[in-house]
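Peer 1: Quick one: the structure is below, questions incoming.
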Amino acid sequence: MAIEIKRQRILRMQDLPDRIGFRPSTIYELIAKGKFPRPFKLMPGGRAAGWLEATIDDWIASRNDDSQHNNTK
């Protein structure tokens, strides 16, 4: 039986602007409005937070799906 190990990369805030094209202030605003995934704490009780790369990829894909859906109306 083969075991597949999938790597999960954690993205930090400094990684996101180049990835999604928004400045940190816009990202924080979207988080507050519930329009962007909330980060998770990397250590319980710690200050460092991040996002799983797959979570950000899914958000980008959903934005693309929404955009294409709105263009067909």
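Every chain in the structure tokens takes a letter, A first, then B, and so on in the order presented; its residues are numbered from 1, and the ligands are numbered from 1 following the presented order.
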So which residues touch A:Leu11 within 10 Å, counting only C-alpha atoms, skipping near sequence neighbours fewer than 3 positions away, as a list in words?
Peer 2: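 The neighbour list is Gln8, Gln14, Asp15, Leu16, Arg19, Pro39, Ala49, Gly50, Trp51, Leu52, Glu53, Ala54, Thr55 and Ile56 of chain A.
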Peer 1: Name all residues at most 10 Å from stretch 27-33 of chain A (count only C-alpha atoms; drop same-chain ones fewer than 5 positions away) and give them as an mmCIF file with C-alpha atoms, in the first residue's frame.
Peer 2:
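Written out: out-v9.cif:
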data_model
loop_
_atom_site.group_PDB
_atom_site.id
_atom_site.type_symbol
_atom_site.label_atom_id
_atom_site.label_comp_id
_atom_site.auth_asym_id
_atom_site.auth_seq_id
_atom_site.Cartn_x
_atom_site.Cartn_y
_atom_site.Cartn_z
ATOM 1 C CA MET A 13 1.156 38.107 5.309
ATOM 2 C CA LEU A 16 0.184 37.449 0.107
ATOM 3 C CA PRO A 17 0.505 40.807 -1.714
ATOM 4 C CA ILE A 20 -3.123 37.920 -4.713
ATOM 5 C CA GLY A 21 -2.375 41.497 -5.721
ATOM 6 C CA PHE A 22 -3.784 43.230 -2.620
ATOM 7 C CA ARG A 38 -8.972 34.237 8.515
ATOM 8 C CA PRO A 39 -5.387 33.266 9.341
#
Peer 1: Taking only C-alpha atoms into account, which of A:Phe36, A:Lys6, A:Arg12, A:Thr26 comes nearest A:Ile60?
Peer 2: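 Counting only C-alpha atoms, the residue closest to A:Ile60 is A:Phe36.
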Peer 1: Enumerate the residues of chain A with a DSSP assignment of strand (DSSP E or B), computed from the backbone, and present them as a list in words.
Peer 2: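 Selecting the strand (DSSP E or B) positions of chain A gives Ile10, Leu11, Phe40, Lys41, Ala49, Gly50, Trp51 and Leu52 of chain A.
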Peer 1: What does the distance from atom CA of A:Asp18 to atom CA of A:Arg47 come to in Å, to one decimal?
Peer 2: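 That distance, rounded to one decimal, is 22.5 Å.
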Peer 1: Grab the atom CA of A:Pro24 to atom CA of A:Gly46 distance for me, in Å with one decimal place.
Peer 2: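 Atom CA of A:Pro24 sits 20.0 Å away from atom CA of A:Gly46.
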Peer 1: Could you check how far atom CA of A:Arg63 sits from atom CA of A:Ser25, in Å to one decimal?
Peer 2: 18.8 Å
Peer 1: Assign secondary structure with DSSP using the backbone only, and return the residues of stretch 11-73 of chain A in alpha helix (DSSP H) as a PyMOL selection string.
Peer 2: chain A and resi 16-20+24-32+53-71
Peer 1: Keeping C-alpha atoms, export the residues of the selection given above as a PDB file, in the first residue's frame.
Peer 2:
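Writing done, so here's selection-v7.pdb:
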ATOM      1  CA  LEU A  16       0.184  37.449   0.107  1.00  0.00           C
ATOM      2  CA  PRO A  17       0.505  40.807  -1.714  1.00  0.00           C
ATOM      3  CA  ASP A  18       2.531  39.299  -4.568  1.00  0.00           C
ATOM      4  CA  ARG A  19       0.296  36.256  -4.632  1.00  0.00           C
ATOM      5  CA  ILE A  20      -3.123  37.920  -4.713  1.00  0.00           C
ATOM      6  CA  PRO A  24      -1.995  44.041   3.603  1.00  0.00           C
ATOM      7  CA  SER A  25      -4.448  46.814   4.588  1.00  0.00           C
ATOM      8  CA  THR A  26      -6.916  45.584   1.949  1.00  0.00           C
ATOM      9  CA  ILE A  27      -6.448  41.981   3.038  1.00  0.00           C
ATOM     10  CA  TYR A  28      -7.178  42.903   6.678  1.00  0.00           C
ATOM     11  CA  GLU A  29     -10.277  44.796   5.561  1.00  0.00           C
ATOM     12  CA  LEU A  30     -11.509  41.784   3.583  1.00  0.00           C
ATOM     13  CA  ILE A  31     -10.894  39.527   6.603  1.00  0.00           C
ATOM     14  CA  ALA A  32     -12.935  41.887   8.810  1.00  0.00           C
ATOM     15  CA  GLU A  53      -1.353  27.733   0.647  1.00  0.00           C
ATOM     16  CA  ALA A  54      -4.279  25.532  -0.427  1.00  0.00           C
ATOM     17  CA  THR A  55      -6.710  27.860   1.381  1.00  0.00           C
ATOM     18  CA  ILE A  56      -5.391  30.862  -0.555  1.00  0.00           C
ATOM     19  CA  ASP A  57      -5.406  28.909  -3.828  1.00  0.00           C
ATOM     20  CA  ASP A  58      -9.058  27.960  -3.197  1.00  0.00           C
ATOM     21  CA  TRP A  59      -9.939  31.609  -2.479  1.00  0.00           C
ATOM     22  CA  ILE A  60      -8.256  32.731  -5.712  1.00  0.00           C
ATOM     23  CA  ALA A  61     -10.119  30.036  -7.666  1.00  0.00           C
ATOM     24  CA  SER A  62     -13.441  31.070  -6.113  1.00  0.00           C
ATOM     25  CA  ARG A  63     -12.804  34.701  -7.098  1.00  0.00           C
ATOM     26  CA  ASN A  64     -12.153  33.544 -10.662  1.00  0.00           C
ATOM     27  CA  ASP A  65     -15.354  31.450 -10.632  1.00  0.00           C
ATOM     28  CA  ASP A  66     -17.361  34.433  -9.319  1.00  0.00           C
ATOM     29  CA  SER A  67     -15.868  36.690 -11.984  1.00  0.00           C
ATOM     30  CA  GLN A  68     -16.703  34.292 -14.804  1.00  0.00           C
ATOM     31  CA  HIS A  69     -20.234  33.761 -13.433  1.00  0.00           C
ATOM     32  CA  ASN A  70     -20.868  37.526 -13.294  1.00  0.00           C
ATOM     33  CA  ASN A  71     -19.602  37.970 -16.861  1.00  0.00           C
TER      34      ASN A  71
END
